[in-house]
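A.B. asks: Data file final-v5.tsv (TSV, C-alpha atoms) is appended below.
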chain	number	residue	atom	x	y	z
A	10	MET	CA	62.87	244.91	92.52
A	11	ARG	CA	59.26	244.51	93.72
A	12	ARG	CA	58.05	244.36	90.13
A	13	THR	CA	60.47	241.51	89.33
A	14	ALA	CA	59.31	239.64	92.45
A	15	SER	CA	55.66	240.10	91.47
A	16	LEU	CA	56.39	238.72	87.98
A	17	VAL	CA	58.13	235.66	89.46
A	18	LEU	CA	55.18	235.15	91.81
A	19	LEU	CA	52.78	235.47	88.88
A	20	ALA	CA	54.70	232.81	86.92
A	21	LEU	CA	54.59	230.50	89.96
A	22	ALA	CA	50.89	231.20	90.47
A	23	VAL	CA	50.11	230.25	86.87
A	24	PHE	CA	52.38	227.19	87.19
A	25	CYS	CA	50.43	225.96	90.24
A	26	ALA	CA	47.00	226.85	88.85
A	27	ALA	CA	47.75	225.10	85.52
A	28	LEU	CA	49.29	222.05	87.20
A	29	SER	CA	46.16	221.48	89.28
A	30	PRO	CA	43.74	220.47	86.45
A	31	LEU	CA	46.56	218.93	84.40
A	32	LEU	CA	47.31	216.51	87.25
A	33	ARG	CA	43.67	215.64	87.83
A	34	TRP	CA	42.47	215.30	84.24
A	35	TYR	CA	45.62	214.49	82.23
A	36	ALA	CA	48.15	212.82	84.53
A	37	TYR	CA	45.77	210.82	86.76
A	38	PRO	CA	44.26	208.65	83.98
A	39	ARG	CA	47.75	207.97	82.64
A	40	LEU	CA	49.49	207.31	85.95
A	41	ALA	CA	46.85	205.50	88.05
A	42	LYS	CA	47.13	202.01	86.64
A	43	ILE	CA	47.21	198.42	87.74
A	44	PRO	CA	50.86	197.36	87.39
A	45	PRO	CA	51.25	194.62	84.76
A	46	ASP	CA	53.46	192.51	87.07
A	47	GLU	CA	50.99	192.28	89.96
A	48	TYR	CA	51.01	189.05	91.99
A	49	GLN	CA	48.29	188.53	94.56
A	50	THR	CA	46.89	185.70	96.57
A	51	ALA	CA	43.75	185.44	98.66
A	52	VAL	CA	42.51	182.62	100.82
A	53	LEU	CA	38.83	182.12	101.50
A	54	GLU	CA	37.25	179.48	103.69
A	55	ALA	CA	33.87	177.83	104.15
A	56	ALA	CA	33.56	176.35	107.62
A	57	PRO	CA	31.66	174.11	107.76
A	58	ALA	CA	30.74	173.10	104.23
A	59	THR	CA	28.86	170.34	102.44
A	60	LEU	CA	30.90	168.42	99.91
A	61	LEU	CA	30.05	165.53	97.61
A	62	ASP	CA	31.85	162.29	98.41
A	63	TYR	CA	32.49	160.90	94.92
A	64	GLY	CA	33.08	157.41	96.40
A	65	THR	CA	29.52	157.07	97.70
A	66	MET	CA	28.04	159.87	95.57
A	67	LYS	CA	26.50	161.28	98.78
A	68	PRO	CA	27.02	164.75	100.24
A	69	ARG	CA	28.76	164.98	103.62
A	70	LYS	CA	29.46	167.75	106.09
A	71	VAL	CA	33.14	168.70	106.36
A	72	PRO	CA	34.67	171.05	108.93
A	73	LYS	CA	36.34	173.33	106.39
A	74	ILE	CA	37.29	173.81	102.78
A	75	SER	CA	39.78	176.44	101.59
A	76	ILE	CA	39.78	178.39	98.34
A	77	VAL	CA	43.13	179.75	97.21
A	78	GLN	CA	42.86	182.46	94.57
A	79	THR	CA	46.04	183.57	92.81
A	80	LEU	CA	46.31	186.42	90.31
A	81	ARG	CA	49.55	186.77	88.39
A	82	GLY	CA	50.20	189.55	85.89
A	83	ASN	CA	51.63	188.18	82.65
A	84	VAL	CA	53.91	191.01	81.48
A	85	ALA	CA	54.90	189.48	78.12
A	86	ALA	CA	51.25	188.82	77.18
A	87	ALA	CA	50.27	192.34	78.30
A	88	GLU	CA	52.97	193.90	76.11
A	89	LYS	CA	51.88	191.80	73.14
A	90	VAL	CA	48.19	192.76	73.55
A	91	GLY	CA	49.24	196.37	74.16
A	92	ARG	CA	51.10	196.45	70.85
A	93	THR	CA	48.14	195.05	68.87
A	94	THR	CA	45.42	197.14	70.55
A	95	GLY	CA	47.38	200.33	71.22
A	96	ARG	CA	46.12	200.33	74.81
A	97	ASP	CA	47.78	199.97	78.17
A	98	VAL	CA	46.66	196.49	79.07
A	99	VAL	CA	47.01	194.10	82.00
A	100	VAL	CA	46.78	190.33	81.57
A	101	TRP	CA	45.97	188.36	84.70
A	102	ASP	CA	46.43	184.60	84.74
A	103	ALA	CA	44.33	183.43	87.65
A	104	LEU	CA	43.73	180.15	89.42
A	105	SER	CA	40.93	179.33	91.84
A	106	TYR	CA	42.00	176.22	93.68
A	107	ILE	CA	39.71	174.54	96.19
A	108	GLU	CA	41.23	172.22	98.77
A	109	GLY	CA	39.14	169.81	100.84
A	110	PRO	CA	39.63	169.02	104.54
A	111	ASP	CA	41.94	166.12	103.65
A	112	GLY	CA	44.21	168.44	101.62
A	113	LYS	CA	43.03	166.97	98.33
A	114	MET	CA	41.96	169.01	95.33
A	115	VAL	CA	38.22	169.65	95.06
A	116	SER	CA	38.35	171.98	92.08
A	117	ARG	CA	40.87	173.95	90.03
A	118	ILE	CA	39.67	176.57	87.56
A	119	PRO	CA	42.30	178.59	85.67
A	120	GLU	CA	41.31	181.73	83.81
A	121	ARG	CA	42.80	184.62	81.90
A	122	TYR	CA	41.45	188.14	82.32
A	123	VAL	CA	42.61	190.88	79.94
A	124	PHE	CA	41.68	194.45	80.80
A	125	ASP	CA	42.54	198.14	80.46
A	126	ALA	CA	45.11	199.08	83.12
A	127	HIS	CA	43.29	202.26	84.14
A	128	SER	CA	39.58	201.83	83.41
A	129	GLN	CA	39.42	198.05	84.04
A	130	GLU	CA	37.32	197.66	80.88
A	131	PRO	CA	37.78	194.16	79.46
A	132	VAL	CA	39.96	193.93	76.35
A	133	HIS	CA	38.91	191.17	73.97
A	134	SER	CA	42.31	190.00	72.93
A	135	GLY	CA	45.16	187.91	74.28
A	136	GLY	CA	43.26	184.69	74.84
A	137	GLU	CA	40.80	185.49	77.63
A	138	HIS	CA	39.34	182.23	78.90
A	139	VAL	CA	37.83	180.37	81.81
A	140	ASP	CA	38.99	176.79	82.33
A	141	GLY	CA	40.16	176.68	78.72
A	142	ASP	CA	36.83	177.91	77.28
A	143	ALA	CA	37.16	181.13	75.29
A	144	VAL	CA	34.99	183.84	76.81
A	145	ARG	CA	34.13	187.43	75.98
A	146	ARG	CA	33.86	189.35	79.22
A	147	ASP	CA	31.44	192.21	79.59
A	148	GLY	CA	32.04	194.15	82.78
A	149	ILE	CA	34.51	193.85	85.61
A	150	GLU	CA	35.94	190.92	87.56
A	151	PHE	CA	38.02	190.74	90.76
A	152	LYS	CA	38.44	194.53	91.02
A	153	TRP	CA	36.37	197.70	90.53
A	154	PRO	CA	37.70	200.78	88.65
A	155	PHE	CA	39.59	203.50	90.46
A	156	LEU	CA	37.16	206.06	91.96
A	157	THR	CA	34.32	203.54	92.10
A	158	GLU	CA	30.89	205.12	91.79
A	159	LYS	CA	27.76	204.51	93.83
A	160	ARG	CA	25.99	202.57	91.09
A	161	ASP	CA	25.49	199.07	89.75
A	162	TYR	CA	28.28	197.54	87.66
A	163	ARG	CA	28.29	194.56	85.37
A	164	TYR	CA	30.26	191.73	86.94
A	165	PHE	CA	31.56	188.66	85.16
A	166	ASP	CA	30.70	185.29	86.66
A	167	ALA	CA	33.33	182.69	85.81
A	168	GLN	CA	31.03	179.71	86.47
A	169	THR	CA	28.25	180.76	84.07
A	170	ARG	CA	30.72	182.57	81.76
A	171	THR	CA	28.25	185.49	81.62
A	172	SER	CA	28.02	188.99	83.08
A	173	ALA	CA	25.15	190.41	85.11
A	174	PRO	CA	24.63	193.52	87.25
A	175	ILE	CA	26.22	193.62	90.67
A	176	HIS	CA	24.16	196.03	92.76
A	177	TYR	CA	25.42	198.89	94.89
A	178	LYS	CA	23.66	198.40	98.24
A	179	GLY	CA	25.03	201.28	100.29
A	180	THR	CA	28.07	202.75	101.97
A	181	ARG	CA	29.47	201.03	105.04
A	182	THR	CA	32.47	201.31	107.34
A	183	PHE	CA	34.73	198.29	107.31
A	184	ARG	CA	37.77	198.17	109.62
A	185	GLY	CA	37.89	201.97	109.67
A	186	LEU	CA	37.63	202.34	105.88
A	187	GLU	CA	34.62	203.77	104.05
A	188	VAL	CA	33.55	201.07	101.61
A	189	TYR	CA	30.79	200.52	99.06
A	190	TYR	CA	28.88	197.28	99.54
A	191	PHE	CA	27.92	195.37	96.36
A	192	GLU	CA	25.77	192.28	96.00
A	193	GLN	CA	24.98	189.93	93.11
A	194	THR	CA	22.75	186.87	93.10
A	195	VAL	CA	23.21	184.31	90.36
A	196	PRO	CA	20.04	182.16	90.14
A	197	TRP	CA	20.28	178.39	89.62
A	198	THR	CA	22.02	178.05	86.26
A	199	LYS	CA	23.34	175.06	84.34
A	200	VAL	CA	27.11	175.49	84.12
A	201	PRO	CA	29.95	173.58	82.42
A	202	LEU	CA	31.66	170.77	84.29
A	203	PRO	CA	35.25	171.57	85.30
A	204	LYS	CA	37.92	170.24	82.93
A	205	THR	CA	39.77	168.79	85.94
A	206	MET	CA	37.52	166.61	88.07
A	207	PRO	CA	38.46	165.84	91.69
A	208	VAL	CA	38.50	162.06	91.18
A	209	ASP	CA	40.98	160.19	88.99
A	210	GLY	CA	39.31	158.43	86.09
A	211	VAL	CA	36.19	160.62	86.18
A	212	THR	CA	36.09	162.98	83.23
A	213	PRO	CA	33.57	165.68	82.38
A	214	GLU	CA	32.79	163.72	79.20
A	215	ALA	CA	31.88	160.62	81.23
A	216	VAL	CA	29.59	162.67	83.49
A	217	ARG	CA	27.94	164.30	80.49
A	218	LYS	CA	27.47	160.92	78.78
A	219	ALA	CA	25.69	159.67	81.92
A	220	GLY	CA	23.18	162.49	81.34
A	221	THR	CA	24.23	164.39	84.45
A	222	SER	CA	24.61	168.14	84.45
A	223	ARG	CA	26.07	170.65	86.93
A	224	TRP	CA	23.99	173.51	88.34
A	225	TYR	CA	25.08	176.42	90.45
A	226	THR	CA	23.73	179.39	92.38
A	227	THR	CA	25.52	182.00	94.44
A	228	LYS	CA	25.02	185.19	96.38
A	229	ARG	CA	28.18	187.24	96.00
A	230	MET	CA	29.08	190.10	98.35
A	231	PHE	CA	31.93	192.58	98.07
A	232	TRP	CA	33.06	195.44	100.29
A	233	VAL	CA	34.93	197.78	97.92
A	234	GLU	CA	37.21	200.64	98.92
A	235	PRO	CA	36.02	203.27	96.39
A	236	THR	CA	39.25	205.25	95.83
A	237	THR	CA	41.29	202.25	94.70
A	238	GLY	CA	38.34	200.09	93.62
A	239	ALA	CA	39.87	197.20	95.54
A	240	PRO	CA	37.61	194.80	97.41
A	241	VAL	CA	38.78	194.62	101.04
A	242	ASN	CA	36.42	191.78	101.86
A	243	GLY	CA	34.42	189.24	99.90
A	244	GLU	CA	31.89	186.53	100.74
A	245	GLU	CA	29.81	184.04	98.78
A	246	ILE	CA	26.89	181.84	99.74
A	247	HIS	CA	27.56	179.20	97.14
A	248	ARG	CA	25.68	176.01	96.15
A	249	GLU	CA	26.41	173.48	93.42
A	250	GLU	CA	24.42	170.41	92.44
A	251	LEU	CA	24.62	167.54	89.99
A	252	ARG	CA	21.25	166.89	88.41
A	253	GLY	CA	19.76	164.02	86.43
A	254	GLY	CA	21.36	161.09	84.67
A	255	THR	CA	22.32	157.58	85.69
A	256	LEU	CA	25.17	158.64	88.03
A	257	LEU	CA	22.72	159.69	90.75
A	258	GLY	CA	20.74	156.45	90.92
A	259	ASP	CA	17.14	157.18	91.88
A	260	ARG	CA	17.86	160.77	92.99
A	261	ASP	CA	17.03	163.84	90.91
A	262	LYS	CA	19.88	165.89	92.27
A	263	VAL	CA	22.75	165.76	94.71
A	264	THR	CA	24.69	168.59	96.41
A	265	VAL	CA	28.27	168.88	95.17
A	266	PHE	CA	29.17	171.84	97.34
A	267	ALA	CA	27.34	174.16	99.71
A	268	GLY	CA	28.86	176.68	102.05
A	269	HIS	CA	29.25	180.26	103.14
A	270	VAL	CA	32.67	181.27	101.81
A	271	LYS	CA	34.46	184.05	103.69
A	272	MET	CA	37.87	185.66	103.31
A	273	ARG	CA	40.40	184.40	105.88
A	274	GLU	CA	41.03	186.91	108.65
A	275	ASP	CA	44.78	187.37	108.01
A	276	TYR	CA	44.05	188.13	104.33
A	277	ILE	CA	41.42	190.70	105.29
A	278	GLU	CA	43.95	192.46	107.55
A	279	HIS	CA	46.64	192.32	104.86
A	280	THR	CA	44.27	193.68	102.19
A	281	VAL	CA	42.99	196.49	104.41
A	282	ASP	CA	46.58	197.57	105.21
A	283	LEU	CA	47.61	197.44	101.55
A	284	VAL	CA	44.56	199.33	100.31
A	285	SER	CA	44.88	201.96	103.06
A	286	SER	CA	48.36	202.87	101.84
A	287	GLN	CA	47.58	202.60	98.10
A	288	ARG	CA	44.55	204.90	98.36
A	289	GLN	CA	46.83	207.73	99.51
A	290	LEU	CA	48.63	207.66	96.14
A	291	ILE	CA	45.34	207.94	94.26
A	292	LEU	CA	44.13	210.70	96.58
A	293	LEU	CA	47.41	212.55	96.01
A	294	LEU	CA	46.68	212.74	92.27
A	295	THR	CA	42.92	213.30	92.47
A	296	ARG	CA	42.49	215.45	95.56
A	297	TYR	CA	45.48	216.55	97.66
A	298	LEU	CA	47.74	217.91	94.88
A	299	PRO	CA	45.02	219.45	92.63
A	300	TRP	CA	43.31	221.31	95.50
A	301	GLY	CA	46.59	222.16	97.25
A	302	LEU	CA	48.12	223.58	94.07
A	303	LEU	CA	44.97	225.53	93.24
A	304	THR	CA	44.95	227.12	96.69
A	305	LEU	CA	48.68	227.85	96.49
A	306	GLY	CA	48.23	229.34	93.00
A	307	GLY	CA	45.47	231.64	94.29
A	308	GLY	CA	47.62	232.75	97.22
A	309	LEU	CA	50.65	233.44	95.04
A	310	PHE	CA	48.49	235.38	92.57
A	311	ALA	CA	47.11	237.56	95.38
A	312	LEU	CA	50.64	238.16	96.64
A	313	ALA	CA	51.83	239.08	93.13
A	314	LEU	CA	48.97	241.59	92.78
A	315	TRP	CA	49.74	243.10	96.16
A	316	LEU	CA	53.44	243.54	95.34
A	317	GLU	CA	52.57	245.03	91.95
A	318	ALA	CA	50.14	247.49	93.55
A	319	ARG	CA	52.79	248.56	96.07
A	320	ALA	CA	55.37	249.02	93.32
A	321	ARG	CA	52.99	251.32	91.42
A	322	ARG	CA	52.12	253.44	94.46
A	323	PRO	CA	53.72	256.88	93.99
A	324	ALA	CA	56.62	257.55	96.32
A	325	PRO	CA	55.85	260.08	99.12
A	326	ALA	CA	56.91	263.67	98.27
A	327	ALA	CA	60.23	264.80	99.73
A	328	GLU	CA	59.96	267.24	102.68
B	7	MET	CA	53.42	242.47	78.36
B	8	ARG	CA	55.93	241.23	80.95
B	9	ALA	CA	53.04	239.84	83.01
B	10	LEU	CA	51.81	237.90	79.99
B	11	ALA	CA	55.31	236.50	79.40
B	12	ALA	CA	55.51	235.42	83.07
B	13	ALA	CA	52.13	233.67	82.80
B	14	VAL	CA	53.19	231.86	79.59
B	15	ILE	CA	56.41	230.69	81.27
B	16	GLY	CA	54.42	229.38	84.27
B	17	PHE	CA	51.93	227.55	82.06
B	18	THR	CA	54.62	226.07	79.80
B	19	ALA	CA	56.59	224.81	82.81
B	20	ALA	CA	53.48	223.09	84.23
B	21	LEU	CA	52.68	221.51	80.87
B	22	ALA	CA	56.28	220.33	80.38
B	23	LEU	CA	56.38	218.81	83.86
B	24	VAL	CA	53.13	216.87	83.42
B	25	LEU	CA	54.03	215.66	79.93
B	26	THR	CA	57.46	214.49	81.12
B	27	VAL	CA	56.10	212.64	84.16
B	28	THR	CA	53.34	210.91	82.18
B	29	ALA	CA	55.73	210.04	79.34
B	30	LEU	CA	58.08	208.36	81.81
B	31	GLY	CA	55.18	206.26	83.16
B	32	GLY	CA	55.76	203.39	85.53
B	33	PRO	CA	58.12	200.45	85.24
B	34	SER	CA	56.62	197.50	83.35
B	35	GLY	CA	58.46	194.95	85.51
B	36	SER	CA	58.48	191.25	84.74
B	37	THR	CA	56.13	188.38	85.38
B	38	SER	CA	56.42	187.13	88.93
B	39	PRO	CA	58.25	183.81	89.27
B	40	GLU	CA	55.79	182.87	92.05
B	41	PRO	CA	53.46	180.00	91.06
B	42	LEU	CA	49.69	179.91	90.82
B	43	LEU	CA	49.10	178.30	94.20
B	44	THR	CA	47.74	174.79	94.69
B	45	THR	CA	48.39	174.73	98.42
B	46	VAL	CA	46.94	176.89	101.16
B	47	PRO	CA	49.51	179.50	102.24
B	48	GLU	CA	50.01	180.00	105.97
B	49	HIS	CA	50.01	183.78	105.75
B	50	PRO	CA	49.67	186.57	103.13
Before anything else, please render the file you have as structure tokens.
C.D. replies:
Amino acid sequence: MRRTASLVLLALAVFCAALSPLLRWYAYPRLAKIPPDEYQTAVLEAAPATLLDYGTMKPRKVPKISIVQTLRGNVAAAEKVGRTTGRDVVVWDALSYIEGPDGKMVSRIPERYVFDAHSQEPVHSGGEHVDGDAVRRDGIEFKWPFLTEKRDYRYFDAQTRTSAPIHYKGTRTFRGLEVYYFEQTVPWTKVPLPKTMPVDGVTPEAVRKAGTSRWYTTKRMFWVEPTTGAPVNGEEIHREELRGGTLLGDRDKVTVFAGHVKMREDYIEHTVDLVSSQRQLILLLTRYLPWGLLTLGGGLFALALWLEARARRPAPAAE
Amino acid sequence: MRALAAAVIGFTAALALVLTVTALGGPSGSTSPEPLLTTVPEHP
């Protein structure tokens, strides 16, 4: 009887010990994925901000501008790209919409981001673009990979359409979560004019024909929860100028937008709550289950050995 | 010999479980009907 029990315990011990690395190294990369039907919004604000008044072509201080960022997973496009590339892919259609203090549109930049559902590596298929311009991303955007490392990453900048390193600057505590702080500075760079201008009748072609170009610089900051790779807070110190040409009269340059953009408080709280619960699922696959099963397997193996040893002990001689 | 058989059964069960769970994967869902926003939402 004891020998049968020790064999059952041995089978369970091997089951647990084998399941531990299989979960961590086989199941985790296949199960921890960005869902293809994700829908997310974020609102950021710059208060106050400097905004160009296109009527007078002079910058003016405004109490607040809001940036609404929407990410919507395009399931049909993801399935199509997945079939052609043989990878598990996510396609995000995104819109960054900036609203002025009067409720009018300041800027609207759509983009499409195609990436591997687990590693977040960009996938160059499925029509990735920024504001209608085809791009070839190199590096991440919006989100870091699961189990983010303490190192620099390449981060795609939608304004310049290029990627550059975003630097790991240390570990911090943000709203009770351990986060990695990343920073990227984009120096003054000439960037394309938006396809949709904020004033009716003004087209990017007309601005270009006047010899005027758009320049931009930003300091980008992210606080990233490393288990999920999700930013729980983001800020940008952002400046845009129009330079040269006949539109500006006798001036060399004029500020189009300047402000310190911060995530709205209710969105920070919402993101922190969401990430706090999601990280438990990742930890379950990468830490809790693998270590728990390994410990349980060891315990069951010891118990099986003990039972086996007792079963083999010779019975005491009869009196 | 019986110990080896028990170990093989344990290992095979673990492998079968992981392969089944990963093969099932997650639901693919469908594209959200929510729009790409052009107004500032009041709350998340």
A.B. asks: Can you tell me how far CA of Asp282 (chain A) sits from CA of Gly185 (chain A), in Å to one decimal?
C.D. replies: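 Going from CA of Asp282 (chain A) over to CA of Gly185 (chain A), I get 10.7 Å.
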A.B. asks: Can you check which residues of chain B have any atom within 7 Å of chain A? Use only C-alpha atoms and format it as an mmCIF file with C-alpha atoms, in the frame of the given file.
C.D. replies:
data_model
loop_
_atom_site.group_PDB
_atom_site.id
_atom_site.type_symbol
_atom_site.label_atom_id
_atom_site.label_comp_id
_atom_site.auth_asym_id
_atom_site.auth_seq_id
_atom_site.Cartn_x
_atom_site.Cartn_y
_atom_site.Cartn_z
ATOM 1 C CA ALA B 9 53.040 239.840 83.010
ATOM 2 C CA ALA B 12 55.510 235.420 83.070
ATOM 3 C CA ALA B 13 52.130 233.670 82.800
ATOM 4 C CA ILE B 15 56.410 230.690 81.270
ATOM 5 C CA GLY B 16 54.420 229.380 84.270
ATOM 6 C CA PHE B 17 51.930 227.550 82.060
ATOM 7 C CA ALA B 19 56.590 224.810 82.810
ATOM 8 C CA ALA B 20 53.480 223.090 84.230
ATOM 9 C CA VAL B 24 53.130 216.870 83.420
ATOM 10 C CA THR B 28 53.340 210.910 82.180
ATOM 11 C CA GLY B 31 55.180 206.260 83.160
ATOM 12 C CA SER B 34 56.620 197.500 83.350
ATOM 13 C CA GLY B 35 58.460 194.950 85.510
ATOM 14 C CA SER B 36 58.480 191.250 84.740
ATOM 15 C CA THR B 37 56.130 188.380 85.380
ATOM 16 C CA SER B 38 56.420 187.130 88.930
ATOM 17 C CA LEU B 42 49.690 179.910 90.820
ATOM 18 C CA LEU B 43 49.100 178.300 94.200
ATOM 19 C CA THR B 44 47.740 174.790 94.690
ATOM 20 C CA VAL B 46 46.940 176.890 101.160
ATOM 21 C CA HIS B 49 50.010 183.780 105.750
ATOM 22 C CA PRO B 50 49.670 186.570 103.130
#
A.B. asks: Quote the spacing between CA of Ile74 (chain A) and CA of Thr171 (chain A) in Å to one decimal place.
C.D. replies: 25.8 Å
A.B. asks: Find the spatial neighbours of Thr255 (chain A), counting all atoms listed in the file, within a cut-off of 8 Å - ignore same-chain residues fewer than 2 positions away - and output them as a ChimeraX atom specification.
C.D. replies: /A:219-221,253,257-258
A.B. asks: Please identify all polymer residues within 12 Å of Arg217 (chain A), counting all atoms listed in the file, omitting same-chain residues fewer than 2 positions from it, and present them as a list in words.
C.D. replies: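 Returned residues: Val200, Pro201, Leu202, Pro203, Lys204, Val211, Thr212, Pro213, Glu214, Ala215, Ala219, Gly220, Thr221, Ser222, Arg223, Leu251, Arg252, Gly253, Gly254, Thr255 and Leu256 of chain A.
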A.B. asks: Please identify all polymer residues within 12 Å of Leu290 (chain A), counting all atoms listed in the file, omitting same-chain residues fewer than 2 positions from it, and present them as a tab-separated table (two decimals) with C-alpha atoms, in the frame of the given file.
C.D. replies:
chain	number	residue	atom	x	y	z
A	37	TYR	CA	45.77	210.82	86.76
A	40	LEU	CA	49.49	207.31	85.95
A	41	ALA	CA	46.85	205.50	88.05
A	42	LYS	CA	47.13	202.01	86.64
A	155	PHE	CA	39.59	203.50	90.46
A	236	THR	CA	39.25	205.25	95.83
A	237	THR	CA	41.29	202.25	94.70
A	283	LEU	CA	47.61	197.44	101.55
A	284	VAL	CA	44.56	199.33	100.31
A	285	SER	CA	44.88	201.96	103.06
A	286	SER	CA	48.36	202.87	101.84
A	287	GLN	CA	47.58	202.60	98.10
A	288	ARG	CA	44.55	204.90	98.36
A	292	LEU	CA	44.13	210.70	96.58
A	293	LEU	CA	47.41	212.55	96.01
A	294	LEU	CA	46.68	212.74	92.27
A	295	THR	CA	42.92	213.30	92.47
A	296	ARG	CA	42.49	215.45	95.56
A	297	TYR	CA	45.48	216.55	97.66
A	298	LEU	CA	47.74	217.91	94.88
A.B. asks: What does the distance between CA of Arg181 (chain A) and CA of Glu244 (chain A) come to in Å, to one decimal place?
C.D. replies: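 CA of Glu244 (chain A) lies at a distance of 15.3 Å from CA of Arg181 (chain A).
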A.B. asks: Can you pull out every residue within 8 Å of His133 (chain A), counting all atoms listed in the file, but drop anything in the same chain fewer than 6 positions away, and send it as a PyMOL selection string?
C.D. replies: chain A and resi 123+145-146
A.B. asks: As lines of an AutoDock Vina configuration file, please: the centre and edge lengths in Å, to one decimal, of an axis-aligned box enclosing every listed atom of region 91-95 of chain A with 8 Å added on each side.
C.D. replies:
center_x = 48.3
center_y = 197.7
center_z = 71.5
size_x = 21.7
size_y = 21.3
size_z = 21.3
A.B. asks: Would you kindly return, as a PyMOL selection string, each protein, DNA or RNA residue with an atom no farther than 12 Å from any atom of Pro57 (chain A), considering all atoms listed in the file and excluding same-chain residues fewer than 3 positions away?
C.D. replies: chain A and resi 54+60+69-75+109-110+266-271
A.B. asks: Restricting the calculation to only C-alpha atoms: of A:Ile43, A:Ala173, A:Ala14, A:Val241, which residue gets closest to Pro33 (chain B)?
C.D. replies: A:Ile43
